[in-house]
>>> print(open('run_32.cif').read())   # mmCIF, C-alpha atoms and all ligand atoms
data_protein
loop_
_atom_site.label_atom_id
_atom_site.label_comp_id
_atom_site.auth_asym_id
_atom_site.auth_seq_id
_atom_site.Cartn_x
_atom_site.Cartn_y
_atom_site.Cartn_z
CA MET A 1 89.45 97.35 104.83
CA THR A 2 92.80 96.32 103.48
CA GLY A 3 94.33 97.73 100.33
CA PRO A 4 93.32 100.78 98.36
CA PHE A 5 89.77 102.08 97.84
CA PHE A 6 90.25 101.28 94.16
CA GLY A 7 93.17 99.87 92.26
CA VAL A 8 94.23 98.17 89.07
CA GLU A 9 97.32 95.98 89.04
CA ARG A 10 99.23 95.25 85.86
CA LEU A 11 96.04 95.37 83.86
CA THR A 12 96.55 94.31 80.24
CA LYS A 13 94.24 94.15 77.21
CA ARG A 14 95.24 93.10 73.73
CA PHE A 15 93.27 93.35 70.52
CA GLY A 16 95.02 90.91 68.21
CA GLY A 17 98.59 92.13 67.94
CA LEU A 18 97.81 95.50 69.52
CA THR A 19 98.32 95.96 73.25
CA ALA A 20 95.77 98.68 74.02
CA VAL A 21 96.38 98.60 77.80
CA ASN A 22 99.82 97.41 78.87
CA GLU A 23 100.45 96.39 82.49
CA VAL A 24 98.73 99.46 83.90
CA SER A 25 98.77 99.89 87.68
CA PHE A 26 97.39 102.73 89.77
CA THR A 27 95.26 103.32 92.84
CA LEU A 28 92.58 105.86 93.68
CA ALA A 29 91.60 107.09 97.12
CA ARG A 30 87.95 107.56 98.07
CA GLU A 31 88.30 111.35 98.15
CA GLU A 32 90.01 111.78 94.78
CA ILE A 33 88.85 113.33 91.51
CA VAL A 34 91.30 112.33 88.79
CA GLY A 35 91.66 113.10 85.09
CA LEU A 36 92.75 110.47 82.58
CA ILE A 37 94.33 111.94 79.47
CA GLY A 38 96.54 110.93 76.60
CA PRO A 39 96.65 111.11 72.80
CA ASN A 40 93.96 109.52 70.67
CA GLY A 41 94.21 105.74 70.73
CA ALA A 42 96.27 105.75 73.95
CA GLY A 43 93.96 103.20 75.58
CA LYS A 44 91.89 105.43 77.86
CA THR A 45 88.45 104.15 76.84
CA THR A 46 89.67 100.56 76.89
CA LEU A 47 90.92 101.05 80.44
CA LEU A 48 87.50 102.30 81.60
CA ARG A 49 85.76 99.45 79.76
CA LEU A 50 87.94 96.97 81.60
CA ILE A 51 86.91 98.50 84.91
CA THR A 52 83.19 98.46 84.06
CA LYS A 53 83.55 94.88 82.76
CA ILE A 54 82.41 95.69 79.23
CA LEU A 55 85.76 94.14 78.29
CA LYS A 56 87.70 91.31 79.93
CA PRO A 57 91.36 91.91 80.68
CA ASP A 58 93.94 89.44 79.37
CA SER A 59 95.75 89.73 82.67
CA GLY A 60 95.91 91.83 85.78
CA ARG A 61 93.58 92.53 88.68
CA ILE A 62 91.02 95.14 89.70
CA VAL A 63 90.24 95.72 93.37
CA PHE A 64 87.53 97.83 94.93
CA ASN A 65 86.72 98.35 98.59
CA GLY A 66 88.92 95.46 99.63
CA GLU A 67 87.41 93.01 97.15
CA GLU A 68 88.83 91.67 93.91
CA ILE A 69 86.28 92.56 91.21
CA THR A 70 88.24 91.38 88.16
CA ALA A 71 85.87 88.54 87.30
CA LEU A 72 82.54 90.22 88.06
CA ARG A 73 79.82 90.88 85.47
CA PRO A 74 78.90 94.48 84.53
CA TRP A 75 75.78 94.67 86.70
CA GLU A 76 77.66 93.23 89.67
CA VAL A 77 80.16 96.06 89.36
CA VAL A 78 77.29 98.58 89.38
CA GLU A 79 75.89 96.84 92.48
CA ARG A 80 79.26 97.25 94.19
CA GLY A 81 79.08 101.00 93.55
CA ILE A 82 80.97 101.69 90.33
CA ALA A 83 79.12 103.44 87.51
CA GLY A 84 80.52 104.54 84.20
CA THR A 85 79.58 106.35 81.04
CA PHE A 86 80.61 105.05 77.66
CA GLN A 87 82.14 106.91 74.79
CA ASN A 88 79.38 105.99 72.39
CA MET A 89 76.19 105.47 74.25
CA ARG A 90 73.28 103.75 72.61
CA PRO A 91 70.14 104.74 74.49
CA PHE A 92 66.81 102.97 74.28
CA ARG A 93 65.72 105.40 71.60
CA HIS A 94 62.00 104.78 71.84
CA LEU A 95 61.84 105.01 75.60
CA PRO A 96 61.35 108.39 77.23
CA ILE A 97 64.56 109.99 78.38
CA ILE A 98 63.65 109.53 82.02
CA ALA A 99 63.07 105.81 81.49
CA ASN A 100 66.61 105.55 80.15
CA VAL A 101 67.89 106.88 83.45
CA MET A 102 65.61 104.58 85.44
CA VAL A 103 66.72 101.42 83.66
CA PRO A 104 69.92 100.80 85.64
CA LEU A 105 68.06 101.53 88.86
CA VAL A 106 65.35 98.93 88.36
CA ALA A 107 67.32 96.40 86.35
CA PRO A 108 67.19 92.84 87.67
CA ARG A 109 69.59 92.39 90.57
CA GLY A 110 69.72 96.18 91.01
CA ARG A 111 70.48 97.44 94.48
CA ARG A 112 67.71 98.54 96.80
CA ARG A 113 64.83 96.78 95.07
CA GLY A 114 62.54 97.65 97.97
CA GLU A 115 62.50 101.36 97.29
CA TRP A 116 61.26 100.91 93.78
CA VAL A 117 59.28 103.12 91.48
CA LYS A 118 58.66 106.37 93.32
CA SER A 119 62.11 106.90 94.65
CA VAL A 120 63.60 105.60 91.45
CA GLU A 121 61.65 108.06 89.34
CA ALA A 122 62.54 110.88 91.72
CA LYS A 123 66.21 110.01 91.61
CA ALA A 124 66.15 109.75 87.83
CA MET A 125 64.54 113.17 87.65
CA ASP A 126 67.12 114.65 89.99
CA ALA A 127 69.88 113.15 87.88
CA LEU A 128 68.36 114.72 84.76
CA GLU A 129 68.17 118.02 86.59
CA PHE A 130 71.81 117.68 87.54
CA VAL A 131 72.84 117.46 83.87
CA GLY A 132 70.28 120.04 82.74
CA ILE A 133 67.84 118.04 80.60
CA SER A 134 64.98 117.44 83.03
CA ASP A 135 62.63 119.53 80.87
CA MET A 136 62.95 116.85 78.18
CA ALA A 137 62.35 113.91 80.53
CA LEU A 138 59.27 112.59 78.77
CA GLU A 139 60.51 112.95 75.21
CA PRO A 140 61.96 109.90 73.48
CA ALA A 141 65.72 109.58 73.70
CA SER A 142 65.86 109.76 69.90
CA ALA A 143 65.12 113.49 70.31
CA LEU A 144 68.47 114.12 71.97
CA SER A 145 71.38 115.87 70.29
CA GLN A 146 74.89 114.42 70.55
CA GLY A 147 75.74 116.71 73.46
CA ASP A 148 72.49 115.88 75.25
CA LEU A 149 73.18 112.16 74.83
CA LYS A 150 76.39 112.77 76.78
CA ARG A 151 74.35 114.39 79.50
CA LEU A 152 71.91 111.47 79.54
CA GLU A 153 74.88 109.14 80.02
CA VAL A 154 76.14 111.13 82.98
CA ALA A 155 72.63 111.22 84.46
CA ARG A 156 72.34 107.47 84.12
CA ALA A 157 75.60 106.90 85.95
CA ILE A 158 75.03 109.31 88.83
CA ALA A 159 71.45 108.11 89.38
CA THR A 160 72.91 104.85 90.70
CA GLU A 161 74.68 106.91 93.40
CA PRO A 162 78.06 105.30 92.79
CA GLU A 163 81.05 105.44 95.08
CA LEU A 164 83.28 105.54 92.02
CA LEU A 165 82.15 107.42 88.94
CA LEU A 166 83.90 106.78 85.63
CA LEU A 167 83.32 109.34 82.89
CA ASP A 168 84.44 109.04 79.26
CA GLU A 169 84.53 112.50 77.71
CA PRO A 170 81.38 113.76 79.45
CA LEU A 171 81.81 117.23 77.97
CA GLY A 172 81.88 115.99 74.37
CA GLY A 173 79.42 117.82 72.12
CA LEU A 174 78.70 120.53 74.69
CA ASN A 175 79.43 124.19 73.94
CA PRO A 176 81.93 126.06 76.16
CA ALA A 177 79.29 127.45 78.53
CA GLU A 178 77.58 124.06 78.88
CA SER A 179 80.95 122.36 79.36
CA GLU A 180 81.93 124.68 82.15
CA LEU A 181 78.58 124.21 83.85
CA LEU A 182 78.68 120.41 83.71
CA ALA A 183 82.34 120.32 84.75
CA LYS A 184 81.53 122.43 87.80
CA SER A 185 78.55 120.21 88.61
CA ILE A 186 80.78 117.12 88.48
CA ARG A 187 83.18 118.79 90.88
CA ARG A 188 80.31 119.76 93.18
CA LEU A 189 78.88 116.24 93.07
CA HIS A 190 82.32 114.89 93.97
CA LYS A 191 82.60 117.30 96.88
CA GLY A 192 79.37 115.89 98.29
CA GLY A 193 76.87 118.40 97.01
CA ARG A 194 73.33 117.12 97.29
CA PHE A 195 71.19 116.96 94.21
CA GLY A 196 67.60 116.69 95.33
CA ARG A 197 66.95 113.15 96.42
CA LEU A 198 70.34 111.94 95.27
CA HIS A 199 71.96 111.78 98.68
CA SER A 200 75.39 111.55 97.16
CA GLU A 201 78.30 111.22 99.51
CA GLY A 202 80.44 112.46 96.68
CA PRO A 203 81.85 109.71 94.49
CA ALA A 204 85.51 109.31 93.69
CA VAL A 205 85.80 110.34 90.04
CA LEU A 206 88.02 109.09 87.22
CA MET A 207 87.33 111.16 84.14
CA ILE A 208 88.63 111.05 80.57
CA GLU A 209 88.25 114.44 78.95
CA HIS A 210 89.89 116.10 75.97
CA LYS A 211 88.70 119.55 76.99
CA LEU A 212 91.80 120.06 79.11
CA LYS A 213 91.02 123.55 80.33
CA GLU A 214 87.77 122.38 81.93
CA LEU A 215 89.33 119.12 83.13
CA MET A 216 92.38 120.70 84.74
CA SER A 217 90.20 123.18 86.60
CA ILE A 218 88.23 120.46 88.42
CA VAL A 219 90.67 117.59 89.04
CA ASP A 220 93.33 117.28 91.73
CA ARG A 221 95.41 114.71 89.89
CA VAL A 222 95.98 113.66 86.29
CA ILE A 223 97.07 110.27 84.99
CA VAL A 224 98.55 110.40 81.47
CA VAL A 225 98.63 107.36 79.23
CA ASP A 226 100.36 106.85 75.90
CA TYR A 227 100.49 103.60 73.93
CA GLY A 228 98.65 101.80 76.71
CA GLU A 229 101.10 102.76 79.45
CA ILE A 230 101.06 105.37 82.19
CA ILE A 231 103.69 107.99 81.37
CA ALA A 232 102.86 110.54 84.09
CA ASP A 233 100.78 110.82 87.24
CA GLY A 234 100.60 113.99 89.28
CA SER A 235 98.95 117.33 89.84
CA PRO A 236 97.69 119.22 86.76
CA ALA A 237 100.56 121.72 87.17
CA GLU A 238 103.18 118.96 87.32
CA VAL A 239 101.76 116.99 84.44
CA VAL A 240 101.60 119.83 81.90
CA LYS A 241 105.31 120.52 82.51
CA ASN A 242 106.34 116.87 82.19
CA PRO A 243 108.59 116.44 79.11
CA LYS A 244 107.22 112.95 78.40
CA VAL A 245 103.69 114.35 78.33
CA ILE A 246 104.62 117.24 76.08
CA GLU A 247 106.40 114.86 73.73
CA ALA A 248 103.46 112.45 73.63
CA TYR A 249 101.12 115.24 72.62
CA LEU A 250 103.52 116.84 70.13
CA GLY A 251 104.40 113.44 68.66
CA SER A 252 100.76 112.72 68.08
CA SER A 253 100.39 116.01 66.14
CA HIS A 254 97.77 117.16 68.60
CA GLU A 255 98.15 120.21 70.75
CA ALA A 256 100.04 120.00 74.01
CA PRO A 257 98.07 120.00 77.28
CA GLY A 258 98.98 123.58 78.12
CA GLY A 259 97.46 124.77 74.86
CA SER A 260 94.04 125.02 73.33
CA GLU A 261 91.04 123.58 75.10
CA HIS A 262 90.46 121.54 71.96
CA ALA A 263 93.64 119.57 72.40
CA VAL A 264 92.94 115.88 72.10
CA ALA A 265 92.93 113.90 75.32
N1 LIG B 1 87.15 96.59 70.28
C1 LIG B 1 88.35 96.87 69.74
N2 LIG B 1 88.89 96.03 68.81
C2 LIG B 1 90.10 96.30 68.28
N3 LIG B 1 90.86 97.35 68.60
C3 LIG B 1 90.37 98.21 69.51
C4 LIG B 1 89.09 98.01 70.12
N4 LIG B 1 88.87 99.04 70.98
C5 LIG B 1 89.96 99.83 70.91
N5 LIG B 1 90.86 99.36 70.03
C6 LIG B 1 92.17 99.93 69.74
O1 LIG B 1 92.86 100.04 70.97
C7 LIG B 1 93.58 101.27 71.02
C8 LIG B 1 93.12 102.09 72.19
O2 LIG B 1 91.80 102.54 71.92
P1 LIG B 1 90.97 103.41 72.95
O3 LIG B 1 91.03 102.76 74.28
O4 LIG B 1 89.64 103.65 72.36
O5 LIG B 1 91.83 104.76 72.98
P2 LIG B 1 91.47 106.21 73.54
O6 LIG B 1 90.17 106.14 74.27
O7 LIG B 1 92.61 106.57 74.41
O8 LIG B 1 91.40 107.12 72.34
C9 LIG B 1 93.38 101.95 69.67
O9 LIG B 1 94.46 101.62 68.83
C10 LIG B 1 92.09 101.33 69.18
O10 LIG B 1 92.05 101.32 67.77
MG MG B 2 88.36 107.11 74.02
#
>>> encode(input="run_32.cif", output="structure tokens")
Amino acid sequence: MTGPFFGVERLTKRFGGLTAVNEVSFTLAREEIVGLIGPNGAGKTTLLRLITKILKPDSGRIVFNGEEITALRPWEVVERGIAGTFQNMRPFRHLPIIANVMVPLVAPRGRRRGEWVKSVEAKAMDALEFVGISDMALEPASALSQGDLKRLEVARAIATEPELLLLDEPLGGLNPAESELLAKSIRRLHKGGRFGRLHSEGPAVLMIEHKLKELMSIVDRVIVVDYGEIIADGSPAEVVKNPKVIEAYLGSSHEAPGGSEHAVA
């Protein structure tokens, strides 16, 4: 394989006159778990949506496992082994929760069509167990609270057994104890912990999270964006001391990364 495990090169997305993501370049290694932070409106969610192909970039390239994936469709990206959660998930409200997790596994063109229902149901159940809502598997998704919807999102992504897992504020809506638990589970998943029939090899993780205390305790590296550009990239300890990062957070009237766990990412 030539090139990085995953990389974006000069990725740019404009919304009218606003450049939400401005010539962003970075690479990830297969064994990395990385946080993506920055003030509100910095372009974090847009960046993840470009990678999962929900949005098309205006320019730039995305490469994964030696292949350029810039022009692929969303399901093709999932097939390649990238799964993401979205900031505002809309589940199939009238389908049971477990069916929501099964959907990406049995969708047309999904990987591994041969294994079908049994293994798919088992994997979906294991994914629900991973996030802690397996007891609700047969209830309609409309029964879920905001925090539980987040967990459903995470379950849906990990059930596809991705090589690269993209998470957009997975701890949103969870209380501190739940946040810590899920954060630790994400770390364990990354490290290759098995979850029942999910024979995860431990995906690389790129995770947006505004709960910085939880985030910093599970990532090895943090990328900081502000106004659509990367302003810092380093270890959690380096990044919280970086003057540019402190200024970005102070300037946005939110708390600095060293501060409260409710600082805005
Ligand atoms: N679909 C869209 N149409 C127009 N503007 C958008 C759209 N999505 C995001 N934006 C704008 O792009 C900027 C970056 O947004 P976003 O990526 O959601 O930031 P973050 O996730 O870092 O808070 C913001 O100014 C936001 O208002
Ligand atoms: Mg966002």
>>> atom_distance(input="run_32.cif", atom1="atom CA of Leu28 of chain A", atom2="atom CA of Leu165 of chain A")
11.6 Å
>>> closest_residue(input="run_32.cif", among="A:Ile186, A:Ala204, A:Gly192, A:Val154", to="Phe64 of chain A", atoms="all atoms listed in the file")
A:Ala204
>>> residues_near_ligand(input="run_32.cif", ligand="ligand LIG 1 (chain B)", cutoff="8 Å", atoms="all atoms listed in the file", output="list in words")
Arg14, Phe15, Gly16, Leu18, Thr19, Ala20, Val21, Ile37, Gly38, Pro39, Asn40, Gly41, Ala42, Gly43, Lys44, Thr45, Thr46, Leu47, Val225, Asp226, Tyr227, Gly228 and Ala265 of chain A
>>> residues_around(input="run_32.cif", residues="Ala183 of chain A", least_positions_apart="5", cutoff="8 Å", atoms="only C-alpha atoms", output="JSON, numbers by chain")
{"A": [171, 214, 215, 218]}
>>> write_last_selection(input="run_32.cif", atoms="C-alpha atoms", output="PDB file, in the frame of the given file")
ATOM      1  CA  LEU A 171      81.810 117.230  77.970  1.00  0.00           C
ATOM      2  CA  GLU A 214      87.770 122.380  81.930  1.00  0.00           C
ATOM      3  CA  LEU A 215      89.330 119.120  83.130  1.00  0.00           C
ATOM      4  CA  ILE A 218      88.230 120.460  88.420  1.00  0.00           C
TER       5      ILE A 218
END
>>> closest_residue(input="run_32.cif", among="A:Arg151, A:Leu48, A:Gly7, A:Arg93", to="ligand MG 2 (chain B)", atoms="all atoms listed in the file")
A:Leu48
>>> atom_distance(input="run_32.cif", atom1="atom CA of Glu32 of chain A", atom2="atom CA of Arg187 of chain A")
10.5 Å
>>> residues_around(input="run_32.cif", residues="Leu164 of chain A", least_positions_apart="6", cutoff="10 Å", atoms="all atoms listed in the file", output="list in words")
Phe5, Phe6, Leu28, Ala29, Arg30, Glu31, Glu32, Ile33, Phe64, Val78, Arg80, Gly81, Ile82, Ala83, Gly84, Ala157, Ile158, His190, Gly202, Pro203, Ala204, Val205 and Leu206 of chain A
>>> closest_residue(input="run_32.cif", among="A:Leu128, A:Leu250, A:Ala237, A:Ala137", to="Phe195 of chain A", atoms="all atoms listed in the file")
A:Leu128
>>> residues_around(input="run_32.cif", residues="Gly196 of chain A", least_positions_apart="3", cutoff="10 Å", atoms="only C-alpha atoms", output="ChimeraX atom specification")
/A:122-123,125-127,129-130,193,199-200
>>> atom_distance(input="run_32.cif", atom1="atom CA of Val8 of chain A", atom2="atom CA of Thr85 of chain A")
18.6 Å
>>> closest_residue(input="run_32.cif", among="A:Gly17, A:Pro96, A:Gly35, A:Pro4", to="Ala232 of chain A", atoms="all atoms listed in the file")
A:Gly35
>>> closest_residue(input="run_32.cif", among="A:Gly172, A:Leu198, A:Val131, A:Val63", to="ligand MG 2 (chain B)", atoms="only C-alpha atoms and all ligand atoms")
A:Gly172
>>> closest_residue(input="run_32.cif", among="A:Ile208, A:Ala143, A:Leu149, A:Ile98", to="ligand MG 2 (chain B)", atoms="all atoms listed in the file")
A:Ile208
>>> axis_aligned_box(input="run_32.cif", around="segment 95-98 of chain A", padding_each_side="5 Å", output="JSON")
{"center_x": 63.0, "center_y": 107.5, "center_z": 78.8, "size_x": 13.2, "size_y": 15.0, "size_z": 16.4}
>>> residues_near_point(input="run_32.cif", point="(92.9, 91.5, 91.0)", cutoff="7 Å", atoms="all atoms listed in the file", output="list of chain:residue names")
A:Glu9, A:Gly60, A:Arg61, A:Ile62, A:Val63, A:Glu68, A:Ile69, A:Thr70
